[in-house]
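Below: one structure, written as structure tokens.
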Amino acid sequence: MSTDGALDFLRFANIQKSYDQKTMVVKDFSLDVAKGEFLTLLGPSGSGKTTVLMMMAGFESVTHGEILLDGHPITRTAPYKRNIGMVFQNYALFPHMSIAENLAYPLKVRKLAKADIAQKVEKFLQLIELEDFAGRMPAQLSGGQRQRVALARALIFSPSLVLMDEPLGALDKKLREQMQLEIMRLHKKLGFTVIYVTHDQTEALTMSDRIAVFNDGVVQQCAAPEVLYEQPANAFVADFIGENNFVPGKIVGLDEGMVRIEIAGGEEIIAMHSDCDVIGTKCRVSIRPEKMFILPSEHTFANKITVKFLARLYVGDYIRYFFELPDKTEVVVKVLNDHEAPKFGEGDEAHLISRRKDCFAFAVT
Amino acid sequence: MNDTPTIAPVALERGTSDVLTKAEIRLAHREVRRHKMVAFALVVPLLLFLFFSFVAPIATMLHRGFYSPVVAQLIPNTLQSLATWDGQGQPDDAVLTNMAIDLKRLAADRTSGKLAAEINRNKPGASSVVKSSARKLRRTDDADLAQNGATLLLAANKAWADPLMWRAVQKSGDTYTDGFYLTALDLERTFEGELQIREATQIYIKLYTKTLRMALIITLMCLILGYPLAYYLANAPSKTANLLMIFVLLPFWTSLLVRTTAWIALLQTNGVVNSFLTGVGITSEPLDMLYTEFSTIIAMTHILLPFMILPLYSVMKGIDPTLMRAAMSMGARPIPAFIKIYLPNTMPGLSAGALLVFIISVGYYITPALVGGTDGQMISNIIAFHMQQSNNWGLAAALGSMLLILILTLYWVYDHLVGTDNIKLG
């Protein structure tokens with residue numbers, strides 16, 4: 001985390017938003033963002049993440065609560081007085097202005113001297129490596145180039161906070177990866193604070209210092225990417241971030257902060273528990289496909305489950321194995337594609353193990 | 001391994017040869033020709049239709065403005081003998097005799113009125129001279145007429161001794177004339193060939209100016225009313241926008257006549273608006289609103305408003321709504337952001353709408369005819385008057401051609417200022 005300043009540079013205090021006075025789009029959202037942090041709001045569409053961003057930019061009113069930027073409340077400040085940079089998904093470049101004019105616009109609005117504007121525009125064109133495109137119109141640029149211009153335009157007036165609303169959504173996969181690196185490079189170089197909205201979890205995981213996972217207007221978990229991935233706080237996060245197996249079972253015992261769960265077929269899994277620790281309740285155990293291993297022979301290990309082989313999918317760099325528990329629950333295991341990748345016939349019995357710290361028990365709701 | 005050498009050279013040859021053979025070139029040419037033929041065949045019906053319904057009538061109209069064969073056909077002999085006249089004093093007796101003979105024939109054919117109307121255009125008052133002379137000469141004897149034609153003509157009306165009368169006859173006799181265009185410009189030619197401002201009424205230049213001014217006011221009114229509405233339509237949820245769009249298009253679906261007469265009902269002396277104004281006590285006496293320039297402008301703005309809204313709407317619909325947000329996030333206040341960012345992007349629709357409304361209103365006829373009275377007449381009404389009442393098709397054609405030239409000039413100016421590639425209709 002490139003935090004070098006106040007930990008509550010941007011503060012959301014009990015933010016609520018309702019469009020129709022009946023349903024809450026954002027319910028009680030509170031979060032502190034440190035200066036220089038790269039925070040991502042991640043969630044499925046309609047989860048309220050874009051609404052939070054628009055309230056921050058001032059384009060949506062806040063129904064309840066307060067947004068503080070650098071200690072000052074900005075909840076009711078007009079958008080043009082907030083001094084917050086914004087990058088839009090569809091670039092929002094002014095089609096009737098050249099690239100240089102687009103970059104100069106925020107400076108002209110601030111009534112900077114002409115020489116200063118020219119110098120700054122030149123500097124930012126260099127920064128995004130588009131020096132030769134100053135006189136071109138936005139329509140003459142490719143999608144990636146346009147987004148770089150949009151990025152530079154949001155940064156050129158040195159805002160301390162930059163909002164990005166799915167800025168890479170319109171680009172193809174390869175370009176998206178390039179732009180991710182570009183944004184990270186600029187963020188590291190210029191040190192601004194970023195609030196980044198996306199529904200692409202890979203993007204969120206690779207770029208962010210912290211990720212706030214949204215669902216139904218509520219933050220499900222806000223943590224660093226590795227924490228989010230490896231210690232999901234609830235079933236939604238476990239399911240939304242990455243791929244997961246959910247093995248149904250029943251809690252049969254408690255053991256030093258862990259729970260023992262009996263699954264179909266009578267075998268037991270010991271798992272971390274997050275929201276259920278009452279003996280007898282039904283639960284689901286989440287285990288990531290790459291955190292399960294296929295045992296070469298039958299040994300007695302803890303957290304071993306016996307399954308039936310269904311199919312094997314050759315992906316390239318890895319192989320996906322599909323197994324079935326006695327209760328027909330499907331279990332996926334990812335194995336690196338090396339010469340040790342085992343071979344099975346259909347219906348063969350196999351044994352899978354996993355570490356306790358990689359298994360999480362979630363209550364069935 | 002054995003196959004490779006035999007395949008590779010062939011593949012290499014086909015791959016690297018970028019020069020087409022003659023047969024291939026011929027084939028390509030034939031393909032292009034075929035495409036052109038198909039395209040042309042598809043356009044032919046429209047071209048034919050346009051030729052007969054647009055190009056040909058306009059060409060006839062332009063021709064009519066110069067061509068006036070009527071007098072030349074009615075009194076060919078008189079004109080022939082008059083050709084040698086020097087324009088001073090009374091012409092030769094031979095000319096007078098020919099005129100007397102021609103007039104008698106015309107009186108018998110009942111076409112003397114036509115001649116009278118034509119000559120009257122060049123010399124007001126000549127109509128009665130021609131008509132009365134023809135009436136009197138009708139009963140004369142042919143032989144007597146050939147002998148003493150000149151005396152009889154002068155006896156019929158002594159105006160025939162006036163050289164100005166004969167100048168008018170000579171002028172009317174020109175088959176090709178610039179007279180109609182000069183009249184349309186409030187000019188006339190003296191006998192010596194000098195151009196001068198018409199001594200009689202000067203109405204046409206004033207009328208053109210008035211027409212242009214009214215068209216400009218109507219365009220501005222449509223813009224002021226249409227721009228905000230188009231903006232709202234383009235940004236409203238589609239359900240609301242569609243409903244409102246029906247209201248915008250509704251005038252298109254009702255008869256023009258009905259809409260115009262509705263304005264008569266509203267604006268007349270004891271109409272809805274006046275009853276309201278006097279009833280509320282804003283005015284003590286009803287205002288004269290109908291049959292004025294005001295009523296023409298109001299009714300035409302109403303009728304032409306959709307032509308402004310539709311192109312504006314279609315252009316605004318294509319403008320990314322985040323542009324304004326982007327501008328504001330960069331620190332621009334709403335009004336400067338609107339002027340610098342939104343307005344320039346609506347220019348194509350704005351120009352298209354303004355040009356459309358302006359050009360249509362410059363040539364509008366029915367509404368000013370119905371609600372304009374004398375005050376609200378536009379150039380088209382005068383053209384129609386010359387077509388239908390005064391039967392002066394030459395002048396009507398000249399006025400129409402001038403209108404066409406005026407619009408083309410304005411279009412040219414507009415093209416240089418704004419650029420027609422900036423126009424977007426939908």
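Within each chain, counting starts at residue 1; across the structure tokens, chains are named A, B, ... in the order shown, with ligands numbered 1 upward in that order.
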
With a cut-off of 8 Å and counting only C-alpha atoms, select all residues of chain A in contact with chain B and give the selection as a PDB file with all heavy atoms, in the first residue's frame.
ATOM      1  N   ALA A  57     -18.634  12.176  -6.854  1.00  0.00           N
ATOM      2  CA  ALA A  57     -18.352  13.192  -7.876  1.00  0.00           C
ATOM      3  C   ALA A  57     -19.326  14.359  -7.781  1.00  0.00           C
ATOM      4  O   ALA A  57     -19.057  15.430  -8.303  1.00  0.00           O
ATOM      5  CB  ALA A  57     -18.419  12.565  -9.258  1.00  0.00           C
ATOM      6  N   PHE A  59     -22.639  14.098  -8.784  1.00  0.00           N
ATOM      7  CA  PHE A  59     -23.686  14.020  -9.803  1.00  0.00           C
ATOM      8  C   PHE A  59     -24.957  13.377  -9.265  1.00  0.00           C
ATOM      9  O   PHE A  59     -25.991  13.387  -9.916  1.00  0.00           O
ATOM     10  CB  PHE A  59     -23.195  13.245 -11.033  1.00  0.00           C
ATOM     11  CG  PHE A  59     -21.999  13.880 -11.673  1.00  0.00           C
ATOM     12  CD1 PHE A  59     -20.868  13.145 -11.976  1.00  0.00           C
ATOM     13  CD2 PHE A  59     -22.003  15.239 -11.956  1.00  0.00           C
ATOM     14  CE1 PHE A  59     -19.777  13.749 -12.564  1.00  0.00           C
ATOM     15  CE2 PHE A  59     -20.912  15.845 -12.551  1.00  0.00           C
ATOM     16  CZ  PHE A  59     -19.789  15.093 -12.847  1.00  0.00           C
ATOM     17  N   PRO A  79     -20.450  19.860  -8.136  1.00  0.00           N
ATOM     18  CA  PRO A  79     -19.422  19.004  -8.737  1.00  0.00           C
ATOM     19  C   PRO A  79     -18.193  19.789  -9.202  1.00  0.00           C
ATOM     20  O   PRO A  79     -17.070  19.322  -9.058  1.00  0.00           O
ATOM     21  CB  PRO A  79     -20.122  18.363  -9.930  1.00  0.00           C
ATOM     22  CG  PRO A  79     -21.564  18.562  -9.742  1.00  0.00           C
ATOM     23  CD  PRO A  79     -21.768  19.646  -8.745  1.00  0.00           C
ATOM     24  N   TYR A  80     -18.442  20.993  -9.785  1.00  0.00           N
ATOM     25  CA  TYR A  80     -17.319  21.728 -10.361  1.00  0.00           C
ATOM     26  C   TYR A  80     -16.444  22.402  -9.322  1.00  0.00           C
ATOM     27  O   TYR A  80     -15.435  22.997  -9.635  1.00  0.00           O
ATOM     28  CB  TYR A  80     -17.815  22.746 -11.403  1.00  0.00           C
ATOM     29  CG  TYR A  80     -18.924  23.644 -10.921  1.00  0.00           C
ATOM     30  CD1 TYR A  80     -18.645  24.841 -10.284  1.00  0.00           C
ATOM     31  CD2 TYR A  80     -20.252  23.288 -11.110  1.00  0.00           C
ATOM     32  CE1 TYR A  80     -19.668  25.659  -9.843  1.00  0.00           C
ATOM     33  CE2 TYR A  80     -21.284  24.106 -10.668  1.00  0.00           C
ATOM     34  CZ  TYR A  80     -20.984  25.291 -10.034  1.00  0.00           C
ATOM     35  OH  TYR A  80     -22.000  26.095  -9.602  1.00  0.00           O
ATOM     36  N   LYS A  81     -16.856  22.304  -8.040  1.00  0.00           N
ATOM     37  CA  LYS A  81     -16.021  22.899  -6.996  1.00  0.00           C
ATOM     38  C   LYS A  81     -15.263  21.829  -6.211  1.00  0.00           C
ATOM     39  O   LYS A  81     -14.540  22.138  -5.282  1.00  0.00           O
ATOM     40  CB  LYS A  81     -16.903  23.693  -6.025  1.00  0.00           C
ATOM     41  CG  LYS A  81     -17.404  25.010  -6.603  1.00  0.00           C
ATOM     42  CD  LYS A  81     -18.206  25.750  -5.570  1.00  0.00           C
ATOM     43  CE  LYS A  81     -18.814  27.018  -6.145  1.00  0.00           C
ATOM     44  NZ  LYS A  81     -19.989  27.433  -5.377  1.00  0.00           N
ATOM     45  N   ARG A  82     -15.458  20.559  -6.575  1.00  0.00           N
ATOM     46  CA  ARG A  82     -14.887  19.497  -5.751  1.00  0.00           C
ATOM     47  C   ARG A  82     -13.428  19.206  -6.066  1.00  0.00           C
ATOM     48  O   ARG A  82     -12.728  18.599  -5.268  1.00  0.00           O
ATOM     49  CB  ARG A  82     -15.706  18.220  -5.915  1.00  0.00           C
ATOM     50  CG  ARG A  82     -17.108  18.379  -5.362  1.00  0.00           C
ATOM     51  CD  ARG A  82     -17.809  17.055  -5.207  1.00  0.00           C
ATOM     52  NE  ARG A  82     -19.157  17.312  -4.695  1.00  0.00           N
ATOM     53  CZ  ARG A  82     -19.967  16.389  -4.207  1.00  0.00           C
ATOM     54  NH1 ARG A  82     -19.567  15.132  -4.163  1.00  0.00           N
ATOM     55  NH2 ARG A  82     -21.153  16.701  -3.774  1.00  0.00           N
ATOM     56  N   ASN A  83     -12.994  19.566  -7.270  1.00  0.00           N
ATOM     57  CA  ASN A  83     -11.620  19.318  -7.679  1.00  0.00           C
ATOM     58  C   ASN A  83     -11.275  17.827  -7.641  1.00  0.00           C
ATOM     59  O   ASN A  83     -10.256  17.425  -7.107  1.00  0.00           O
ATOM     60  CB  ASN A  83     -10.655  20.113  -6.793  1.00  0.00           C
ATOM     61  CG  ASN A  83      -9.387  20.442  -7.524  1.00  0.00           C
ATOM     62  OD1 ASN A  83      -9.414  20.626  -8.749  1.00  0.00           O
ATOM     63  ND2 ASN A  83      -8.277  20.483  -6.811  1.00  0.00           N
ATOM     64  N   ILE A  84     -12.191  17.032  -8.188  1.00  0.00           N
ATOM     65  CA  ILE A  84     -11.974  15.596  -8.245  1.00  0.00           C
ATOM     66  C   ILE A  84     -11.889  15.205  -9.712  1.00  0.00           C
ATOM     67  O   ILE A  84     -12.747  15.582 -10.511  1.00  0.00           O
ATOM     68  CB  ILE A  84     -13.150  14.842  -7.581  1.00  0.00           C
ATOM     69  CG1 ILE A  84     -13.198  15.163  -6.085  1.00  0.00           C
ATOM     70  CG2 ILE A  84     -13.031  13.344  -7.806  1.00  0.00           C
ATOM     71  CD1 ILE A  84     -14.381  14.567  -5.365  1.00  0.00           C
ATOM     72  N   GLY A  85     -10.838  14.485 -10.074  1.00  0.00           N
ATOM     73  CA  GLY A  85     -10.695  14.025 -11.463  1.00  0.00           C
ATOM     74  C   GLY A  85     -11.600  12.842 -11.708  1.00  0.00           C
ATOM     75  O   GLY A  85     -11.898  12.076 -10.790  1.00  0.00           O
ATOM     76  N   MET A  86     -12.099  12.716 -12.952  1.00  0.00           N
ATOM     77  CA  MET A  86     -12.985  11.584 -13.220  1.00  0.00           C
ATOM     78  C   MET A  86     -12.708  11.005 -14.602  1.00  0.00           C
ATOM     79  O   MET A  86     -12.575  11.737 -15.584  1.00  0.00           O
ATOM     80  CB  MET A  86     -14.441  12.037 -13.108  1.00  0.00           C
ATOM     81  CG  MET A  86     -15.412  10.901 -13.290  1.00  0.00           C
ATOM     82  SD  MET A  86     -16.778  10.982 -12.138  1.00  0.00           S
ATOM     83  CE  MET A  86     -17.593   9.442 -12.505  1.00  0.00           C
ATOM     84  N   VAL A  87     -12.640   9.673 -14.658  1.00  0.00           N
ATOM     85  CA  VAL A  87     -12.456   8.973 -15.927  1.00  0.00           C
ATOM     86  C   VAL A  87     -13.702   8.135 -16.172  1.00  0.00           C
ATOM     87  O   VAL A  87     -14.122   7.391 -15.297  1.00  0.00           O
ATOM     88  CB  VAL A  87     -11.208   8.070 -15.896  1.00  0.00           C
ATOM     89  CG1 VAL A  87     -11.000   7.408 -17.248  1.00  0.00           C
ATOM     90  CG2 VAL A  87      -9.982   8.877 -15.501  1.00  0.00           C
ATOM     91  N   PHE A  88     -14.299   8.301 -17.368  1.00  0.00           N
ATOM     92  CA  PHE A  88     -15.555   7.604 -17.665  1.00  0.00           C
ATOM     93  C   PHE A  88     -15.304   6.383 -18.542  1.00  0.00           C
ATOM     94  O   PHE A  88     -14.314   6.315 -19.261  1.00  0.00           O
ATOM     95  CB  PHE A  88     -16.516   8.555 -18.384  1.00  0.00           C
ATOM     96  CG  PHE A  88     -16.928   9.729 -17.551  1.00  0.00           C
ATOM     97  CD1 PHE A  88     -16.162  10.880 -17.513  1.00  0.00           C
ATOM     98  CD2 PHE A  88     -18.081   9.674 -16.789  1.00  0.00           C
ATOM     99  CE1 PHE A  88     -16.528  11.963 -16.748  1.00  0.00           C
ATOM    100  CE2 PHE A  88     -18.469  10.756 -16.018  1.00  0.00           C
ATOM    101  CZ  PHE A  88     -17.690  11.900 -16.001  1.00  0.00           C
ATOM    102  N   ALA A  92     -15.640   9.950 -22.728  1.00  0.00           N
ATOM    103  CA  ALA A  92     -16.207  11.308 -22.618  1.00  0.00           C
ATOM    104  C   ALA A  92     -15.229  12.370 -23.103  1.00  0.00           C
ATOM    105  O   ALA A  92     -15.160  13.454 -22.548  1.00  0.00           O
ATOM    106  CB  ALA A  92     -16.661  11.602 -21.182  1.00  0.00           C
ATOM    107  N   LEU A  93     -14.475  12.066 -24.151  1.00  0.00           N
ATOM    108  CA  LEU A  93     -13.626  13.097 -24.749  1.00  0.00           C
ATOM    109  C   LEU A  93     -14.528  14.041 -25.536  1.00  0.00           C
ATOM    110  O   LEU A  93     -15.516  13.599 -26.118  1.00  0.00           O
ATOM    111  CB  LEU A  93     -12.592  12.471 -25.683  1.00  0.00           C
ATOM    112  CG  LEU A  93     -11.541  11.587 -25.013  1.00  0.00           C
ATOM    113  CD1 LEU A  93     -10.562  11.080 -26.045  1.00  0.00           C
ATOM    114  CD2 LEU A  93     -10.810  12.343 -23.921  1.00  0.00           C
ATOM    115  N   PHE A  94     -14.177  15.317 -25.579  1.00  0.00           N
ATOM    116  CA  PHE A  94     -14.996  16.286 -26.317  1.00  0.00           C
ATOM    117  C   PHE A  94     -14.729  16.107 -27.803  1.00  0.00           C
ATOM    118  O   PHE A  94     -13.622  16.389 -28.271  1.00  0.00           O
ATOM    119  CB  PHE A  94     -14.679  17.712 -25.858  1.00  0.00           C
ATOM    120  CG  PHE A  94     -14.814  17.891 -24.370  1.00  0.00           C
ATOM    121  CD1 PHE A  94     -13.878  18.584 -23.642  1.00  0.00           C
ATOM    122  CD2 PHE A  94     -15.898  17.321 -23.689  1.00  0.00           C
ATOM    123  CE1 PHE A  94     -14.001  18.726 -22.263  1.00  0.00           C
ATOM    124  CE2 PHE A  94     -16.039  17.467 -22.319  1.00  0.00           C
ATOM    125  CZ  PHE A  94     -15.082  18.168 -21.610  1.00  0.00           C
ATOM    126  N   PRO A  95     -15.726  15.648 -28.561  1.00  0.00           N
ATOM    127  CA  PRO A  95     -15.448  15.250 -29.947  1.00  0.00           C
ATOM    128  C   PRO A  95     -15.078  16.407 -30.866  1.00  0.00           C
ATOM    129  O   PRO A  95     -14.486  16.183 -31.905  1.00  0.00           O
ATOM    130  CB  PRO A  95     -16.767  14.601 -30.404  1.00  0.00           C
ATOM    131  CG  PRO A  95     -17.792  15.042 -29.446  1.00  0.00           C
ATOM    132  CD  PRO A  95     -17.108  15.390 -28.164  1.00  0.00           C
ATOM    133  N   HIS A  96     -15.427  17.652 -30.468  1.00  0.00           N
ATOM    134  CA  HIS A  96     -15.144  18.781 -31.348  1.00  0.00           C
ATOM    135  C   HIS A  96     -13.820  19.448 -31.018  1.00  0.00           C
ATOM    136  O   HIS A  96     -13.499  20.490 -31.564  1.00  0.00           O
ATOM    137  CB  HIS A  96     -16.278  19.804 -31.255  1.00  0.00           C
ATOM    138  CG  HIS A  96     -16.485  20.334 -29.862  1.00  0.00           C
ATOM    139  ND1 HIS A  96     -16.826  19.513 -28.807  1.00  0.00           N
ATOM    140  CD2 HIS A  96     -16.360  21.571 -29.355  1.00  0.00           C
ATOM    141  CE1 HIS A  96     -16.925  20.251 -27.717  1.00  0.00           C
ATOM    142  NE2 HIS A  96     -16.656  21.500 -28.018  1.00  0.00           N
ATOM    143  N   TYR A 105      -8.488  21.841 -21.621  1.00  0.00           N
ATOM    144  CA  TYR A 105      -9.783  22.350 -21.135  1.00  0.00           C
ATOM    145  C   TYR A 105      -9.835  22.597 -19.619  1.00  0.00           C
ATOM    146  O   TYR A 105     -10.183  23.699 -19.184  1.00  0.00           O
ATOM    147  CB  TYR A 105     -10.915  21.438 -21.587  1.00  0.00           C
ATOM    148  CG  TYR A 105     -12.274  21.987 -21.247  1.00  0.00           C
ATOM    149  CD1 TYR A 105     -12.814  23.039 -21.969  1.00  0.00           C
ATOM    150  CD2 TYR A 105     -13.002  21.488 -20.170  1.00  0.00           C
ATOM    151  CE1 TYR A 105     -14.048  23.565 -21.652  1.00  0.00           C
ATOM    152  CE2 TYR A 105     -14.239  22.006 -19.844  1.00  0.00           C
ATOM    153  CZ  TYR A 105     -14.755  23.043 -20.583  1.00  0.00           C
ATOM    154  OH  TYR A 105     -15.966  23.569 -20.258  1.00  0.00           O
ATOM    155  N   PRO A 106      -9.481  21.584 -18.780  1.00  0.00           N
ATOM    156  CA  PRO A 106      -9.565  21.841 -17.332  1.00  0.00           C
ATOM    157  C   PRO A 106      -8.643  22.973 -16.876  1.00  0.00           C
ATOM    158  O   PRO A 106      -8.941  23.646 -15.900  1.00  0.00           O
ATOM    159  CB  PRO A 106      -9.155  20.507 -16.699  1.00  0.00           C
ATOM    160  CG  PRO A 106      -8.668  19.650 -17.787  1.00  0.00           C
ATOM    161  CD  PRO A 106      -9.112  20.199 -19.091  1.00  0.00           C
ATOM    162  N   VAL A 109     -10.327  26.332 -17.912  1.00  0.00           N
ATOM    163  CA  VAL A 109     -11.403  26.635 -16.975  1.00  0.00           C
ATOM    164  C   VAL A 109     -10.831  27.275 -15.712  1.00  0.00           C
ATOM    165  O   VAL A 109     -11.431  28.164 -15.131  1.00  0.00           O
ATOM    166  CB  VAL A 109     -12.176  25.342 -16.628  1.00  0.00           C
ATOM    167  CG1 VAL A 109     -13.094  25.561 -15.459  1.00  0.00           C
ATOM    168  CG2 VAL A 109     -12.936  24.859 -17.835  1.00  0.00           C
ATOM    169  N   ARG A 110      -9.646  26.839 -15.341  1.00  0.00           N
ATOM    170  CA  ARG A 110      -8.997  27.390 -14.142  1.00  0.00           C
ATOM    171  C   ARG A 110      -8.228  28.668 -14.445  1.00  0.00           C
ATOM    172  O   ARG A 110      -7.518  29.179 -13.575  1.00  0.00           O
ATOM    173  CB  ARG A 110      -8.075  26.344 -13.536  1.00  0.00           C
ATOM    174  CG  ARG A 110      -8.848  25.248 -12.852  1.00  0.00           C
ATOM    175  CD  ARG A 110      -7.958  24.151 -12.312  1.00  0.00           C
ATOM    176  NE  ARG A 110      -8.742  23.264 -11.481  1.00  0.00           N
ATOM    177  CZ  ARG A 110      -9.663  22.422 -11.947  1.00  0.00           C
ATOM    178  NH1 ARG A 110      -9.874  22.357 -13.234  1.00  0.00           N
ATOM    179  NH2 ARG A 110     -10.362  21.662 -11.138  1.00  0.00           N
ATOM    180  N   ALA A 154      -8.009  13.785 -16.820  1.00  0.00           N
ATOM    181  CA  ALA A 154      -8.504  13.764 -15.442  1.00  0.00           C
ATOM    182  C   ALA A 154      -7.388  14.064 -14.449  1.00  0.00           C
ATOM    183  O   ALA A 154      -7.648  14.384 -13.302  1.00  0.00           O
ATOM    184  CB  ALA A 154      -9.132  12.416 -15.140  1.00  0.00           C
ATOM    185  N   PHE A 157      -5.058  18.564 -14.042  1.00  0.00           N
ATOM    186  CA  PHE A 157      -5.223  19.683 -13.100  1.00  0.00           C
ATOM    187  C   PHE A 157      -4.862  19.266 -11.673  1.00  0.00           C
ATOM    188  O   PHE A 157      -5.264  19.905 -10.709  1.00  0.00           O
ATOM    189  CB  PHE A 157      -6.634  20.273 -13.192  1.00  0.00           C
ATOM    190  CG  PHE A 157      -7.762  19.298 -12.943  1.00  0.00           C
ATOM    191  CD1 PHE A 157      -8.378  19.241 -11.696  1.00  0.00           C
ATOM    192  CD2 PHE A 157      -8.219  18.459 -13.944  1.00  0.00           C
ATOM    193  CE1 PHE A 157      -9.423  18.367 -11.460  1.00  0.00           C
ATOM    194  CE2 PHE A 157      -9.274  17.576 -13.714  1.00  0.00           C
ATOM    195  CZ  PHE A 157      -9.868  17.535 -12.474  1.00  0.00           C
TER     196      PHE A 157
END

Within 10 Å of stretch 151-153 of chain B using only C-alpha atoms, minus same-chain residues under 3 positions, as a PyMOL selection string = chain B and resi 93+96-101+103+133-134+136-137+140+144-145+147-148+156-161

Pick out the residues sitting within 8 Å of A:Lys308, and hand them over as a VMD selection string; count only C-alpha atoms, and ignore anything fewer than 2 positions along from it in its own chain.
-> chain A and resid 306 310 323 to 326 347 to 350

Pull C-alpha atoms from the residues just selected and write them as a compact mmCIF listing (two decimals), in the first residue's frame.
# COMPACT_ATOMS: atom_id res chain seq x y z
CA THR A 306 -13.64 -39.50 -1.35
CA LEU A 310 -16.56 -37.50 -13.83
CA PHE A 323 -15.54 -35.05 -9.42
CA GLU A 324 -18.78 -35.91 -7.72
CA LEU A 325 -19.60 -36.38 -4.06
CA PRO A 326 -22.09 -39.11 -3.04
CA GLY A 347 -16.52 -43.56 -12.41
CA ASP A 348 -13.14 -44.23 -10.76
CA GLU A 349 -12.83 -43.43 -7.08
CA ALA A 350 -10.44 -40.60 -6.13

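Of the listed residues B:Thr346, B:Thr409, B:Thr367, B:Asn122, the one whose atoms come nearest to B:His302 is B:Thr367, with distances taken using only C-alpha atoms.
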
DSSP helix (DSSP H, G or I) residues within stretch 66-141 of chain A, listed as a PyMOL selection string = chain A and resi 79-81+99-109+114-127+131-133+138-140

Near-B:Ser112 list (9 Å; only C-alpha atoms; drop same-chain fewer than 3 positions) as a short mmCIF file (atom, residue, chain, number, x, y, z; two decimals) with N, CA and C atoms, in the first residue's frame:
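Below is the file result11.cif, written as the result:
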data_model
loop_
_atom_site.label_atom_id
_atom_site.label_comp_id
_atom_site.auth_asym_id
_atom_site.auth_seq_id
_atom_site.Cartn_x
_atom_site.Cartn_y
_atom_site.Cartn_z
N LEU B 74 -49.53 38.21 -81.54
CA LEU B 74 -50.80 38.90 -81.79
C LEU B 74 -50.69 39.92 -82.92
N LEU B 103 -55.64 45.31 -85.14
CA LEU B 103 -56.62 45.52 -84.08
C LEU B 103 -58.00 45.01 -84.49
N LYS B 104 -58.33 45.24 -85.74
CA LYS B 104 -59.64 44.78 -86.21
C LYS B 104 -59.72 43.25 -86.12
N ARG B 105 -58.60 42.61 -86.57
CA ARG B 105 -58.58 41.14 -86.53
C ARG B 105 -58.70 40.64 -85.08
N LEU B 106 -57.98 41.31 -84.20
CA LEU B 106 -58.01 40.90 -82.80
C LEU B 106 -59.40 41.07 -82.21
N ALA B 107 -60.05 42.20 -82.64
CA ALA B 107 -61.39 42.46 -82.13
C ALA B 107 -62.34 41.35 -82.58
N ALA B 108 -62.16 40.91 -83.83
CA ALA B 108 -63.00 39.84 -84.34
C ALA B 108 -62.72 38.53 -83.61
N ASP B 109 -61.42 38.31 -83.31
CA ASP B 109 -61.02 37.05 -82.60
C ASP B 109 -61.31 37.13 -81.11
N LEU B 115 -53.88 41.64 -75.69
CA LEU B 115 -52.91 42.64 -76.13
C LEU B 115 -52.95 43.83 -75.18
N ALA B 116 -54.19 44.26 -74.85
CA ALA B 116 -54.36 45.41 -73.97
C ALA B 116 -53.63 45.19 -72.65
N ALA B 117 -53.77 43.98 -72.06
CA ALA B 117 -53.15 43.69 -70.77
C ALA B 117 -51.63 43.72 -70.88
N VAL B 130 -56.24 50.55 -76.15
CA VAL B 130 -56.23 49.40 -77.08
C VAL B 130 -57.64 48.85 -77.21
N LYS B 131 -58.31 48.68 -76.08
CA LYS B 131 -59.64 48.04 -76.12
C LYS B 131 -60.65 48.89 -76.89
N ALA B 134 -59.93 48.97 -80.63
CA ALA B 134 -60.29 47.70 -81.27
C ALA B 134 -61.80 47.62 -81.46
N ARG B 135 -62.53 48.07 -80.43
CA ARG B 135 -63.97 48.02 -80.50
C ARG B 135 -64.48 48.87 -81.69
#

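Proximity to B:Tyr227 at 9 Å, evaluated using only C-alpha atoms and with sequence-adjacent residues fewer than 6 positions away removed, yields Met308, Ile309, Leu312, Tyr313 and Leu350 of chain B.
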
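As for atom CA of A:Ile294 and atom CA of A:Ile319, they are spaced 12.2 Å apart.
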
Would you list the contacts of B:Leu250 as a ChimeraX atom specification, taking every protein, DNA or RNA residue within 12 Å and counting only C-alpha atoms, but skipping same-chain residues closer than 4 positions in sequence?
-> /B:243-246,254-256,259,302-303,305-306

Nearby residues (only C-alpha atoms) at most 7 Å from stretch 61-74 of chain A, same-chain spacing under 2 positions excluded, as a PyMOL selection string = chain A and resi 9-18+55+58-59+76-77

Can you tell me how far atom CA of B:Tyr365 sits from atom CA of B:Phe247, in Å to one decimal?
-> 24.6 Å

As an MDAnalysis selection string, please: all residues of stretch 76-303 of chain A that backbone DSSP puts in strand (DSSP E).
-> chainID A and resid 84:87 161:165 193:198 210:215 218:223 245:255 258:263 268:273 282:287 292:294

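In this model, the gap between atom CA of B:Tyr291 and atom CA of B:Gly376 comes to 6.6 Å.
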
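Nearest to A:Glu290 of all the residues A:His273, A:Arg260, A:Arg176, A:Lys334 is A:Lys334, counting only C-alpha atoms.
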
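Among the candidates A:Phe236, A:Tyr318, A:Tyr91, A:Phe214, the residue lying nearest to A:Pro167 is A:Tyr91 (atoms considered: only C-alpha atoms).
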